[in-house]
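Below is my_file.cif, holding mmCIF, C-alpha atoms.
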```cif
data_coords
#
loop_
_atom_site.label_atom_id
_atom_site.label_comp_id
_atom_site.auth_asym_id
_atom_site.auth_seq_id
_atom_site.Cartn_x
_atom_site.Cartn_y
_atom_site.Cartn_z
CA MET A 724 37.31 -75.03 14.42
CA THR A 725 38.29 -71.81 16.13
CA SER A 726 42.01 -71.17 16.31
CA ARG A 727 43.83 -71.63 19.56
CA THR A 728 44.13 -68.76 21.99
CA PRO A 729 47.63 -67.26 21.78
CA PRO A 730 49.16 -67.86 25.20
CA PRO A 731 51.17 -65.23 27.04
CA PRO A 732 54.91 -65.46 26.40
CA LYS A 733 56.16 -68.69 27.91
CA THR A 734 59.39 -67.02 28.98
CA ARG A 735 57.55 -65.55 31.96
CA TYR A 736 57.01 -69.05 33.30
CA LEU A 737 60.69 -69.35 34.14
CA SER A 738 61.21 -65.80 35.31
CA SER A 739 61.09 -64.50 38.81
CA GLY A 740 58.17 -62.27 39.71
CA PRO A 741 56.27 -61.03 42.73
CA ASN A 742 55.10 -64.55 43.48
CA ALA A 743 58.37 -66.32 42.77
CA PRO A 744 59.85 -68.27 45.68
CA ARG A 745 62.52 -66.55 47.68
CA ARG A 746 65.96 -67.61 46.43
CA PRO A 747 69.04 -68.05 48.59
CA GLU A 748 71.89 -65.62 48.04
CA GLY A 749 73.96 -66.58 45.03
CA TRP A 750 71.13 -68.62 43.53
CA THR A 751 71.35 -69.64 39.88
CA MET A 752 69.20 -71.93 37.78
CA THR A 753 70.44 -75.38 37.06
CA ASP A 754 72.16 -75.87 33.74
CA SER A 755 69.34 -78.09 32.54
CA VAL A 756 66.74 -75.40 33.08
CA VAL A 757 68.78 -72.81 31.21
CA GLN A 758 69.60 -75.23 28.43
CA HIS A 759 66.00 -76.32 27.85
CA ALA A 760 64.20 -73.06 28.58
CA GLY A 761 63.03 -72.81 24.95
CA LEU A 762 61.61 -76.34 24.77
CA PRO A 763 57.95 -77.25 25.12
CA HIS A 764 57.02 -78.14 28.70
CA ALA A 765 60.12 -76.40 30.09
CA VAL A 766 57.87 -74.93 32.79
CA PHE A 767 58.13 -78.28 34.59
CA LEU A 768 61.91 -77.92 34.75
CA HIS A 769 61.39 -74.93 37.01
CA ARG A 770 61.01 -77.46 39.83
CA MET A 771 64.65 -78.37 39.29
CA ALA A 772 65.84 -74.79 39.85
CA GLY A 773 67.51 -73.49 42.97
CA GLY A 774 69.40 -75.27 45.69
CA VAL A 775 67.17 -78.36 45.81
CA GLU A 776 68.99 -81.65 45.49
CA PRO A 777 68.22 -83.42 42.18
CA SER A 778 67.27 -86.52 44.17
CA ALA A 779 64.52 -84.65 46.07
CA VAL A 780 60.92 -85.42 45.19
CA GLU A 781 59.97 -82.16 43.43
CA PRO A 782 62.84 -82.18 40.90
CA ARG A 783 62.11 -85.82 40.13
CA LEU A 784 58.42 -85.10 39.60
CA GLY A 785 59.24 -82.13 37.38
CA ARG A 786 61.66 -84.18 35.30
CA ALA A 787 59.14 -87.03 34.97
CA ALA A 788 56.36 -84.64 33.93
CA PHE A 789 58.64 -83.07 31.33
CA VAL A 790 59.56 -86.38 29.69
CA ALA A 791 55.98 -87.70 29.97
CA LEU A 792 54.60 -84.72 28.09
CA ARG A 793 57.39 -84.95 25.52
CA LEU A 794 56.17 -88.50 24.97
CA VAL A 795 52.60 -87.25 24.54
CA ASP A 796 53.86 -84.84 21.88
CA LEU A 797 54.69 -87.86 19.70
CA LEU A 798 50.95 -88.41 19.24
CA GLY A 799 50.68 -85.15 17.30
CA ALA A 800 50.01 -85.03 13.58
CA GLU A 801 53.58 -83.95 12.79
CA HIS A 802 54.80 -87.33 14.14
CA ALA A 803 52.34 -89.45 12.14
CA THR A 804 55.16 -91.27 10.33
CA LEU A 805 57.23 -91.91 13.47
CA HIS A 806 58.71 -95.41 13.46
CA PRO A 807 57.31 -97.62 16.28
CA ASP A 808 60.83 -98.42 17.47
CA ALA A 809 61.56 -94.73 18.04
CA PHE A 810 58.39 -94.36 20.08
CA HIS A 811 59.13 -97.54 22.03
CA TYR A 812 62.62 -96.32 22.96
CA GLN A 813 61.24 -93.06 24.39
CA TYR A 814 58.31 -94.87 26.00
CA VAL A 815 60.59 -97.28 27.90
CA ALA A 816 62.79 -94.42 29.10
CA THR A 817 59.73 -92.49 30.32
CA VAL A 818 58.32 -95.53 32.13
CA ARG A 819 61.68 -95.99 33.86
CA CYS A 820 61.68 -92.34 34.93
CA CYS A 821 58.18 -92.62 36.42
CA ARG A 822 58.94 -95.95 38.08
CA ASP A 823 61.40 -94.20 40.39
CA LEU A 824 58.74 -91.79 41.76
CA PRO A 825 57.17 -92.34 45.20
CA PRO A 826 54.10 -94.51 44.47
CA SER A 827 52.05 -92.95 47.27
CA LEU A 828 51.92 -89.49 45.65
CA THR A 829 48.85 -88.41 43.72
CA GLU A 830 50.99 -86.81 41.03
CA THR A 831 52.82 -90.09 40.51
CA SER A 832 49.49 -91.77 39.76
CA HIS A 833 48.64 -89.06 37.24
CA LEU A 834 51.98 -89.39 35.47
CA VAL A 835 51.88 -93.18 35.37
CA GLY A 836 48.35 -93.03 33.95
CA LEU A 837 49.40 -90.43 31.41
CA VAL A 838 52.31 -92.55 30.17
CA ARG A 839 50.18 -95.68 30.02
CA GLY A 840 47.47 -93.83 28.11
CA THR A 841 50.02 -92.45 25.67
CA GLY A 842 51.36 -95.93 24.98
CA ASP A 843 47.86 -97.26 24.31
CA ALA A 844 47.04 -94.26 22.10
CA PHE A 845 50.15 -94.76 19.94
CA GLN A 846 49.66 -98.50 19.65
CA GLN A 847 46.02 -98.13 18.58
CA ARG A 848 46.59 -94.95 16.56
CA SER A 849 43.91 -93.25 18.64
CA PRO A 850 45.07 -90.02 20.40
CA GLY A 851 41.70 -89.81 22.12
CA LEU A 852 42.78 -92.53 24.53
CA VAL A 853 45.11 -90.09 26.30
CA PHE A 854 42.67 -87.16 26.54
CA PRO A 855 41.10 -88.20 29.88
CA ALA A 856 44.54 -88.49 31.49
CA LEU A 857 45.54 -85.04 30.22
CA PHE A 858 42.31 -83.49 31.51
CA ALA A 859 42.78 -85.16 34.89
CA TYR A 860 46.41 -84.07 35.22
CA ALA A 861 45.57 -80.47 34.29
CA HIS A 862 42.80 -80.45 36.88
CA TYR A 863 45.17 -81.76 39.54
CA LEU A 864 47.80 -79.13 38.73
CA GLU A 865 45.19 -76.38 38.86
CA ASP A 866 43.98 -77.53 42.27
CA GLU A 867 47.60 -77.54 43.46
CA MET A 868 47.96 -73.95 42.14
CA ARG A 869 50.65 -74.99 39.65
CA LEU A 870 48.87 -72.82 37.16
CA GLU A 871 51.53 -72.37 34.47
CA GLU A 872 51.97 -76.14 34.40
CA ALA A 873 48.21 -76.62 34.08
CA VAL A 874 48.17 -74.27 31.08
CA ASP A 875 50.98 -76.28 29.49
CA VAL A 876 49.05 -79.55 29.85
CA LEU A 877 45.87 -78.01 28.42
CA ASP A 878 47.88 -76.58 25.51
CA THR A 879 49.25 -80.06 24.91
CA LEU A 880 45.74 -81.50 24.89
CA LEU A 881 44.58 -78.98 22.27
CA GLU A 882 47.75 -79.41 20.20
CA VAL A 883 47.72 -83.21 20.16
CA GLY A 884 43.95 -83.43 19.82
CA GLY A 885 43.69 -80.95 16.97
CA ALA A 886 40.76 -81.68 14.69
CA LYS A 887 40.33 -85.12 16.30
CA LEU A 888 39.39 -83.60 19.66
CA PRO A 889 35.66 -84.19 20.25
CA PRO A 890 33.76 -80.87 20.13
CA ALA A 891 32.66 -81.12 23.76
CA ASP A 892 36.26 -81.70 24.86
CA ALA A 893 37.49 -78.83 22.68
CA VAL A 894 35.02 -76.47 24.36
CA GLY A 895 35.79 -77.83 27.83
CA ALA A 896 39.54 -77.49 27.35
CA ARG A 897 39.21 -73.87 26.24
CA LEU A 898 36.95 -72.93 29.13
CA ARG A 899 39.27 -74.61 31.61
CA ARG A 900 42.31 -72.95 30.10
CA ALA A 901 40.49 -69.61 30.30
CA ARG A 902 39.85 -70.21 34.00
CA VAL A 903 43.51 -70.97 34.64
CA TYR A 904 44.59 -67.87 32.73
CA ARG A 905 42.16 -65.87 34.85
CA LYS A 906 43.75 -67.22 38.02
CA LEU A 907 47.11 -66.16 36.60
CA ASN A 908 45.63 -62.68 36.04
CA GLU A 909 46.31 -63.08 32.31
CA PHE A 910 43.01 -61.34 31.59
CA ASP A 911 43.46 -60.83 27.83
CA ALA A 912 44.25 -64.50 27.24
CA ALA A 913 41.42 -65.55 29.56
CA ASP A 914 38.85 -63.37 27.82
CA LEU A 915 39.89 -64.62 24.39
CA ALA A 916 39.75 -68.27 25.50
CA TYR A 917 36.31 -67.74 27.03
CA ALA A 918 35.14 -66.11 23.78
CA GLU A 919 36.51 -69.03 21.74
CA GLY A 920 34.87 -71.62 23.94
CA GLY A 921 31.57 -69.74 23.99
CA ALA A 922 31.48 -69.36 20.21
CA MET A 923 32.17 -73.07 19.72
CA ALA A 924 29.51 -73.98 22.28
CA ALA A 925 26.93 -71.74 20.60
CA THR A 926 27.67 -73.39 17.24
CA MET A 927 27.08 -76.81 18.83
CA GLY A 928 23.89 -75.71 20.58
CA ASP A 929 25.56 -76.30 23.96
CA THR A 930 23.68 -73.72 26.02
CA HIS A 931 25.31 -74.74 29.30
CA SER A 932 28.87 -74.16 28.09
CA GLU A 933 27.91 -70.97 26.26
CA LEU A 934 26.48 -69.56 29.50
CA LEU A 935 29.60 -70.64 31.41
CA SER A 936 31.73 -68.70 28.94
CA ARG A 937 29.59 -65.60 29.53
CA ILE A 938 29.99 -65.99 33.29
CA GLY A 939 33.75 -66.36 32.83
CA ARG A 940 33.98 -63.18 30.78
CA ALA A 941 32.01 -61.34 33.46
CA VAL A 942 34.47 -62.59 36.10
CA VAL A 943 37.34 -61.31 33.95
CA MET A 944 35.61 -57.91 33.81
CA THR A 945 35.31 -57.99 37.60
CA GLY A 946 39.04 -58.61 37.88
CA ARG A 947 39.67 -55.63 35.64
CA GLY A 948 37.40 -53.43 37.76
CA ASN A 949 34.54 -53.04 35.25
CA LEU A 950 31.89 -53.90 37.84
CA SER A 951 28.84 -52.32 36.22
CA ARG A 952 29.35 -54.22 32.96
CA ALA A 953 30.05 -57.46 34.84
CA GLU A 954 26.84 -57.07 36.88
CA ALA A 955 24.77 -56.49 33.73
CA LEU A 956 26.23 -59.58 32.04
CA LEU A 957 25.56 -61.79 35.06
CA ARG A 958 21.99 -60.63 35.46
CA ASP A 959 21.47 -61.45 31.77
CA VAL A 960 22.89 -64.93 32.39
CA LEU A 961 20.52 -65.49 35.32
CA GLY A 962 17.65 -64.46 33.07
CA ASP A 963 18.75 -66.83 30.30
CA ALA A 964 19.69 -69.84 32.48
CA PRO A 965 17.31 -72.80 32.12
CA PRO A 966 15.49 -73.59 35.40
CA GLY A 967 17.08 -77.03 35.57
CA ASP A 968 20.67 -75.90 35.11
CA ARG A 969 21.69 -75.61 38.76
CA ASP A 970 25.37 -75.32 37.93
CA VAL A 971 24.97 -72.21 35.77
CA GLN A 972 22.58 -70.65 38.26
CA ALA A 973 25.00 -71.31 41.10
CA ARG A 974 28.00 -69.88 39.27
CA ALA A 975 26.10 -66.80 38.13
CA ASN A 976 24.78 -66.14 41.64
CA GLN A 977 28.26 -66.51 43.10
CA ALA A 978 29.87 -64.24 40.52
CA LEU A 979 27.13 -61.64 40.98
CA ALA A 980 27.65 -61.69 44.73
CA VAL A 981 31.36 -60.99 44.25
CA VAL A 982 30.55 -58.07 41.93
CA LEU A 983 28.10 -56.54 44.40
CA SER A 984 30.52 -57.01 47.27
CA SER A 985 33.36 -55.45 45.29
CA ALA A 986 31.06 -52.51 44.53
CA GLY A 987 30.58 -51.87 48.25
CA GLN A 988 27.23 -53.66 48.63
CA PRO A 989 28.06 -56.70 50.80
CA ALA A 990 24.65 -56.87 52.47
CA GLU A 991 23.01 -57.13 49.03
CA ALA A 992 25.61 -59.69 47.93
CA ILE A 993 25.24 -62.13 50.84
CA PRO A 994 21.86 -63.64 49.81
CA TYR A 995 23.20 -64.31 46.30
CA GLU A 996 26.28 -66.03 47.75
CA TRP A 997 24.16 -68.19 50.05
CA ARG A 998 21.88 -69.09 47.13
CA ALA A 999 24.96 -70.23 45.22
CA PHE A 1000 26.02 -72.41 48.16
CA GLN A 1001 22.59 -74.04 48.16
CA LEU A 1002 22.67 -74.67 44.41
CA PHE A 1003 26.16 -76.14 44.08
CA ASP A 1004 26.35 -79.92 44.24
CA ASP A 1005 30.12 -80.50 44.45
CA GLY A 1006 32.00 -79.99 47.67
CA LEU A 1007 34.85 -77.88 46.29
CA SER A 1008 32.51 -75.29 44.79
CA ARG A 1009 30.55 -75.15 48.04
CA MET A 1010 33.76 -74.47 49.97
CA ARG A 1011 34.77 -71.70 47.55
CA THR A 1012 31.37 -70.15 48.07
CA LEU A 1013 31.72 -70.29 51.85
CA SER A 1014 35.07 -68.53 51.52
CA ASP A 1015 33.51 -65.64 49.62
CA LEU A 1016 30.56 -65.60 52.00
CA ALA A 1017 32.85 -65.25 55.01
CA VAL A 1018 34.50 -62.18 53.47
CA MET A 1019 31.12 -60.57 52.93
CA LEU A 1020 29.86 -61.37 56.42
CA LEU A 1021 32.92 -59.77 57.95
CA MET A 1022 32.37 -56.68 55.82
CA VAL A 1023 28.97 -56.16 57.45
CA GLY A 1024 30.36 -56.85 60.91
CA GLU A 1025 29.17 -60.44 61.39
CA ALA A 1026 32.53 -61.88 62.46
CA GLU A 1027 31.03 -64.87 64.26
CA GLY A 1028 29.21 -66.06 61.16
CA ALA A 1029 32.31 -65.47 59.05
CA GLU A 1030 34.48 -67.60 61.34
CA ARG A 1031 31.92 -70.41 61.29
CA ALA A 1032 32.03 -70.46 57.49
CA LEU A 1033 35.85 -70.44 57.46
CA ARG A 1034 36.24 -73.21 60.01
CA GLU A 1035 33.82 -75.31 57.98
CA ILE A 1036 36.22 -74.95 55.05
CA LEU A 1037 39.19 -76.14 57.11
CA ARG A 1038 37.17 -79.09 58.40
CA ASN A 1039 36.46 -80.16 54.83
CA SER A 1040 40.11 -80.10 53.67
CA ALA A 1041 39.47 -77.86 50.67
CA SER A 1042 41.91 -77.25 47.82
CA ARG A 1043 45.08 -75.24 48.35
CA ASP A 1044 43.78 -71.88 47.16
CA VAL A 1045 40.52 -72.17 49.12
CA THR A 1046 42.44 -73.16 52.23
CA ASP A 1047 44.82 -70.24 51.70
CA ASN A 1048 41.89 -67.85 51.52
CA ALA A 1049 40.27 -69.36 54.62
CA LEU A 1050 43.44 -68.94 56.67
CA ILE A 1051 43.85 -65.35 55.47
CA GLU A 1052 40.27 -64.52 56.42
CA LEU A 1053 40.59 -66.16 59.84
CA MET A 1054 43.63 -63.94 60.41
CA HIS A 1055 41.53 -60.96 59.30
CA CYS A 1056 38.66 -61.94 61.60
CA ALA A 1057 41.06 -62.16 64.53
CA SER A 1058 42.41 -58.66 63.94
CA TYR A 1059 38.87 -57.38 63.46
CA ARG A 1060 38.02 -58.69 66.94
CA ARG A 1061 41.38 -57.34 68.21
CA ASP A 1062 42.50 -60.85 69.14
CA ARG A 1063 46.28 -60.40 69.00
CA VAL A 1064 47.10 -64.03 69.84
CA GLY A 1065 44.68 -65.37 67.24
CA PHE A 1066 45.99 -62.94 64.65
CA GLU A 1067 49.58 -64.08 65.13
CA ARG A 1068 48.61 -67.76 65.07
CA TRP A 1069 46.76 -67.48 61.76
CA ARG A 1070 49.39 -65.11 60.30
CA GLU A 1071 52.14 -67.65 60.94
CA GLN A 1072 50.15 -70.33 59.12
CA CYS A 1073 49.59 -67.98 56.19
CA ASP A 1074 53.25 -66.97 56.05
CA ALA A 1075 54.32 -70.60 55.87
CA ARG A 1076 52.27 -70.92 52.65
CA ARG A 1077 53.07 -67.61 50.94
CA GLU A 1078 55.67 -69.01 48.53
CA THR A 1079 53.00 -71.02 46.71
CA MET A 1080 50.35 -68.28 46.66
CA PRO A 1081 49.42 -66.80 43.25
CA PRO A 1082 49.62 -62.99 43.03
CA ASN A 1083 45.98 -62.23 43.86
CA ILE A 1084 46.02 -64.35 47.02
CA LEU A 1085 49.48 -63.11 48.00
CA VAL A 1086 48.36 -59.48 47.70
CA ASP A 1087 45.26 -60.21 49.75
CA TYR A 1088 47.38 -61.82 52.48
CA ILE A 1089 49.91 -58.99 52.69
CA LEU A 1090 47.15 -56.38 52.61
CA LYS A 1091 45.24 -57.99 55.47
CA ALA A 1092 48.41 -58.59 57.45
CA GLY A 1093 49.06 -54.85 57.09
CA ILE A 1094 45.53 -54.01 58.20
CA GLY A 1095 46.05 -56.25 61.22
CA ARG A 1096 49.30 -54.51 62.14
CA ALA A 1097 47.52 -51.16 61.91
CA ARG A 1098 44.70 -52.38 64.12
CA PHE A 1099 47.25 -53.27 66.77
CA GLY A 1100 48.93 -49.87 66.48
CA GLN A 1101 52.01 -51.03 64.54
CA LEU A 1102 51.67 -48.37 61.87
CA ASP A 1103 55.25 -48.48 60.55
CA ARG A 1104 55.04 -52.21 59.92
CA ALA A 1105 51.58 -51.72 58.41
CA GLU A 1106 52.88 -49.11 55.97
CA ARG A 1107 55.68 -51.40 54.81
CA LEU A 1108 53.27 -54.27 54.24
CA LEU A 1109 50.81 -52.09 52.34
CA ALA A 1110 53.64 -50.79 50.15
CA ASP A 1111 54.65 -54.39 49.34
CA ALA A 1112 51.04 -55.30 48.55
CA LEU A 1113 50.65 -52.27 46.30
CA ARG A 1114 53.83 -53.07 44.39
CA ILE A 1115 52.78 -56.68 43.75
CA ALA A 1116 49.27 -55.62 42.76
CA ASP A 1117 50.65 -53.10 40.27
CA GLU A 1118 53.03 -55.63 38.76
CA ALA A 1119 50.26 -58.23 38.42
CA GLY A 1120 47.70 -55.80 36.98
CA LEU A 1121 45.32 -56.27 39.91
CA HIS A 1122 43.62 -52.89 39.52
CA GLU A 1123 40.84 -53.43 42.04
CA PHE A 1124 43.43 -54.27 44.70
CA THR A 1125 45.49 -51.25 43.68
CA PHE A 1126 42.58 -48.85 44.24
CA ARG A 1127 41.72 -50.43 47.59
CA ILE A 1128 45.29 -50.41 48.90
CA GLU A 1129 45.84 -46.79 47.87
CA ARG A 1130 42.64 -45.79 49.68
CA ILE A 1131 43.73 -47.56 52.86
CA LYS A 1132 47.28 -46.17 52.71
CA SER A 1133 46.01 -42.61 52.34
CA GLY A 1134 44.01 -42.87 55.56
CA LEU A 1135 46.27 -45.10 57.60
CA ARG A 1136 47.47 -42.39 59.98
CA GLY A 1137 44.53 -40.06 59.63
CA SER A 1138 40.97 -40.39 58.53
CA CYS A 1139 40.70 -44.12 57.75
CA GLN A 1140 38.29 -45.47 60.33
CA SER A 1141 36.66 -48.38 58.53
CA THR A 1142 36.19 -51.33 60.88
CA ASN A 1143 36.96 -53.67 58.01
CA GLU A 1144 39.98 -51.94 56.47
CA GLY A 1145 41.60 -49.56 58.91
CA PRO A 1146 43.02 -49.27 62.41
CA ALA A 1147 39.74 -48.25 64.06
CA GLU A 1148 38.70 -49.43 67.48
CA ALA A 1149 36.95 -52.78 67.75
CA ALA A 1150 33.65 -52.67 65.96
CA LYS A 1151 30.53 -51.91 67.93
CA PRO A 1152 27.52 -54.21 67.55
CA VAL A 1153 25.92 -53.75 64.15
CA ILE A 1154 22.34 -54.09 63.04
CA LEU A 1155 22.09 -56.78 60.38
CA SER A 1156 19.45 -56.83 57.67
CA GLU A 1157 16.89 -59.62 57.77
CA PRO A 1158 18.40 -61.51 54.79
CA VAL A 1159 21.85 -61.38 56.41
CA ARG A 1160 20.48 -62.60 59.73
CA GLU A 1161 18.82 -65.52 57.95
CA VAL A 1162 22.12 -66.52 56.34
CA SER A 1163 23.96 -66.20 59.66
CA THR A 1164 21.37 -68.44 61.34
CA ALA A 1165 21.70 -71.01 58.55
CA LEU A 1166 25.48 -71.05 59.02
CA ALA A 1167 25.03 -71.70 62.73
CA HIS A 1168 22.87 -74.73 61.89
CA LEU A 1169 25.49 -75.89 59.37
CA ALA A 1170 28.15 -75.75 62.09
CA GLY A 1171 25.91 -77.69 64.48
CA VAL A 1172 25.28 -74.75 66.79
CA PRO A 1173 21.89 -75.15 68.53
#
```

Would you mind writing the file out in structure tokens?
Amino acid sequence: MTSRTPPPPKTRYLSSGPNAPRRPEGWTMTDSVVQHAGLPHAVFLHRMAGGVEPSAVEPRLGRAAFVALRLVDLLGAEHATLHPDAFHYQYVATVRCCRDLPPSLTETSHLVGLVRGTGDAFQQRSPGLVFPALFAYAHYLEDEMRLEEAVDVLDTLLEVGGAKLPPADAVGARLRRARVYRKLNEFDAADLAYAEGGAMAATMGDTHSELLSRIGRAVVMTGRGNLSRAEALLRDVLGDAPPGDRDVQARANQALAVVLSSAGQPAEAIPYEWRAFQLFDDGLSRMRTLSDLAVMLLMVGEAEGAERALREILRNSASRDVTDNALIELMHCASYRRDRVGFERWREQCDARRETMPPNILVDYILKAGIGRARFGQLDRAERLLADALRIADEAGLHEFTFRIERIKSGLRGSCQSTNEGPAEAAKPVILSEPVREVSTALAHLAGVP
């Protein structure tokens, strides 16, 4: 079995960064966080930091998750000789901790299921009984954009599973961990995890997972700004994808559309994005695709179609990151149309969510808020926002954002006249290509417009 991907230093999980919540003056971590910062699963204790009362929901959930995962650790090979009484003592304490959580919360259900599964796994000497609960909890945390916590749970799954982890689960856990690393902009760790998962899948003859790993590595290259190499990889995947594998075809089309759009070819990208939307079967993936499609439509001047796609996302109650992106793009559409009231309304909704945004989404929000200020003639405020966005992008290694922000900043008071990125006058009607018009018409039908 391939060795585990070395994770980035865990100390960063408890440090403040560009996406860390704002702290009140005089803020210090709680003693428990400082004391346990070197322990496994200490990332969950971050919820106990700051001025939040220990009796509040988030600290209680963080504490329960910490002790639940410490219980899961007892299923590892190094605890094979653990006396049942020792396990039972910790199990009862963990059950008591989870019993005090609000029963209506989704995370409570995950933690209760995780503890129950751990108890069954220990009693039957079968760690595999807890794997589904770990996968489910990691997926939930990822959807909630608690990405460092999701990595911790996936690491626990691989550690406890070890050689007993079924090959398909071992591949799936690595690919999912790679995806979470990618969202954290930990590109080296993501690429290595994708490579591990792909190599294991190829050894098993799992063509689907091997192709997914290749798509993931291409997306990492896109994040690093190597667009030509990413495009070549994705076109190879589309050529190798079996006709019946709709999921791989959808993901490759979507990733290729993002590459083309990032390379300044949004009109060429839009048909690929729409094809991905048609191929995806699950609702969340379809909403992510609509989010990307809206960005591309606005780039070619089709603001009406973009807003239809974004409102469809909000109607479908998508995950946190997709909803964040939709709100940001609706703000951007409003400034594009020079709708000052609409811009402020969407900006306020975005600002209320900024503390939970990962760096890439946070940079995108601040950048587009700055573009909006420039479009309304508030150049000083725009410059400050663009400077903030550039700083965060640099710190997070978001090179593509860095190049874009620097280009916009250089032309903010002079030559920058792009209708999509600068303070130009409201865009004049544009002539859309036939493929783009077809996609716009299809979106109107999707929204129920006659």

Next on the checklist: Which residues would end up in the selection if the PyMOL selection byres ((chain A and resi 940-943) around 12) were applied here, given that I need the answer as JSON, numbers by chain?
Outcome noted: {"A": [898, 901, 902, 903, 904, 905, 906, 907, 908, 909, 910, 911, 912, 913, 914, 915, 916, 917, 918, 919, 920, 921, 933, 934, 935, 936, 937, 938, 939, 944, 945, 946, 947, 948, 949, 950, 951, 952, 953, 954, 955, 956, 957, 958, 959, 960, 974, 975, 976, 977, 978, 979, 980, 981, 982, 985, 1121, 1122, 1123]}

Checklist entry - Can you tell me, as a ChimeraX atom specification, what residues are no more than 9 Å from Arg786 of chain A when counting all atoms listed in the file, ignoring any on the same chain fewer than 5 positions away? => result /A:767-768,770-771,781,791,820

Next on the checklist: Can you spell out as an MDAnalysis selection string the set of residues that the PyMOL selection byres ((chain A and resi 792) around 10) selects in the structure I just provided?
Outcome noted: chainID A and resid 763:764 767 787:791 793:797 817 834 837:838 841 857 875:876 879:880

Please produce an output containing C-alpha atoms for each residue in the selection, written as a compact mmCIF listing (two decimals), in the coordinates of the input.
```
# COMPACT_ATOMS: atom_id res chain seq x y z
CA PRO A 763 57.95 -77.25 25.12
CA HIS A 764 57.02 -78.14 28.70
CA PHE A 767 58.13 -78.28 34.59
CA ALA A 787 59.14 -87.03 34.97
CA ALA A 788 56.36 -84.64 33.93
CA PHE A 789 58.64 -83.07 31.33
CA VAL A 790 59.56 -86.38 29.69
CA ALA A 791 55.98 -87.70 29.97
CA ARG A 793 57.39 -84.95 25.52
CA LEU A 794 56.17 -88.50 24.97
CA VAL A 795 52.60 -87.25 24.54
CA ASP A 796 53.86 -84.84 21.88
CA LEU A 797 54.69 -87.86 19.70
CA THR A 817 59.73 -92.49 30.32
CA LEU A 834 51.98 -89.39 35.47
CA LEU A 837 49.40 -90.43 31.41
CA VAL A 838 52.31 -92.55 30.17
CA THR A 841 50.02 -92.45 25.67
CA LEU A 857 45.54 -85.04 30.22
CA ASP A 875 50.98 -76.28 29.49
CA VAL A 876 49.05 -79.55 29.85
CA THR A 879 49.25 -80.06 24.91
CA LEU A 880 45.74 -81.50 24.89
```

Item to check | atom CA of Val1162 of chain A to atom CA of Phe1003 of chain A, straight-line distance in Å | outcome: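 One can read the atom CA of Phe1003 of chain A to atom CA of Val1162 of chain A distance as 16.1 Å.
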
Checklist entry - Applied to the shown file, which residues does the PyMOL selection byres ((chain A and resi 1074) around 10) return, written as a ChimeraX atom specification? => result /A:1051,1069-1073,1075-1078,1080,1085,1088-1089,1092

Next on the checklist: Could you tell me how far atom CA of Asp878 of chain A sits from atom CA of Tyr863 of chain A, in Å to one decimal place?
Outcome noted: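 Separating atom CA of Tyr863 of chain A from atom CA of Asp878 of chain A is a distance of 15.2 Å.
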
Assuming the input is short of atoms at segment 807-817 of chain A, produce N, CA and C atoms for that part as a short mmCIF file (atom, residue, chain, number, x, y, z; two decimals), in the coordinates of the input.
```cif
data_model
loop_
_atom_site.label_atom_id
_atom_site.label_comp_id
_atom_site.auth_asym_id
_atom_site.auth_seq_id
_atom_site.Cartn_x
_atom_site.Cartn_y
_atom_site.Cartn_z
N PRO A 807 57.67 -97.06 14.97
CA PRO A 807 57.31 -97.62 16.28
C PRO A 807 58.51 -97.84 17.20
N ASP A 808 59.66 -98.20 16.63
CA ASP A 808 60.83 -98.42 17.47
C ASP A 808 61.28 -97.13 18.15
N ALA A 809 61.18 -96.01 17.45
CA ALA A 809 61.56 -94.73 18.04
C ALA A 809 60.63 -94.38 19.20
N PHE A 810 59.34 -94.62 18.99
CA PHE A 810 58.39 -94.36 20.08
C PHE A 810 58.67 -95.30 21.25
N HIS A 811 58.91 -96.56 20.96
CA HIS A 811 59.13 -97.54 22.03
C HIS A 811 60.35 -97.17 22.86
N TYR A 812 61.40 -96.70 22.23
CA TYR A 812 62.62 -96.32 22.96
C TYR A 812 62.30 -95.21 23.96
N GLN A 813 61.57 -94.17 23.49
CA GLN A 813 61.24 -93.06 24.39
C GLN A 813 60.23 -93.49 25.45
N TYR A 814 59.31 -94.38 25.06
CA TYR A 814 58.31 -94.87 26.00
C TYR A 814 58.97 -95.63 27.16
N VAL A 815 59.91 -96.49 26.86
CA VAL A 815 60.59 -97.28 27.90
C VAL A 815 61.37 -96.36 28.83
N ALA A 816 62.03 -95.36 28.27
CA ALA A 816 62.79 -94.42 29.10
C ALA A 816 61.86 -93.63 30.02
N THR A 817 60.68 -93.27 29.51
CA THR A 817 59.73 -92.49 30.32
C THR A 817 59.15 -93.35 31.43
#
```
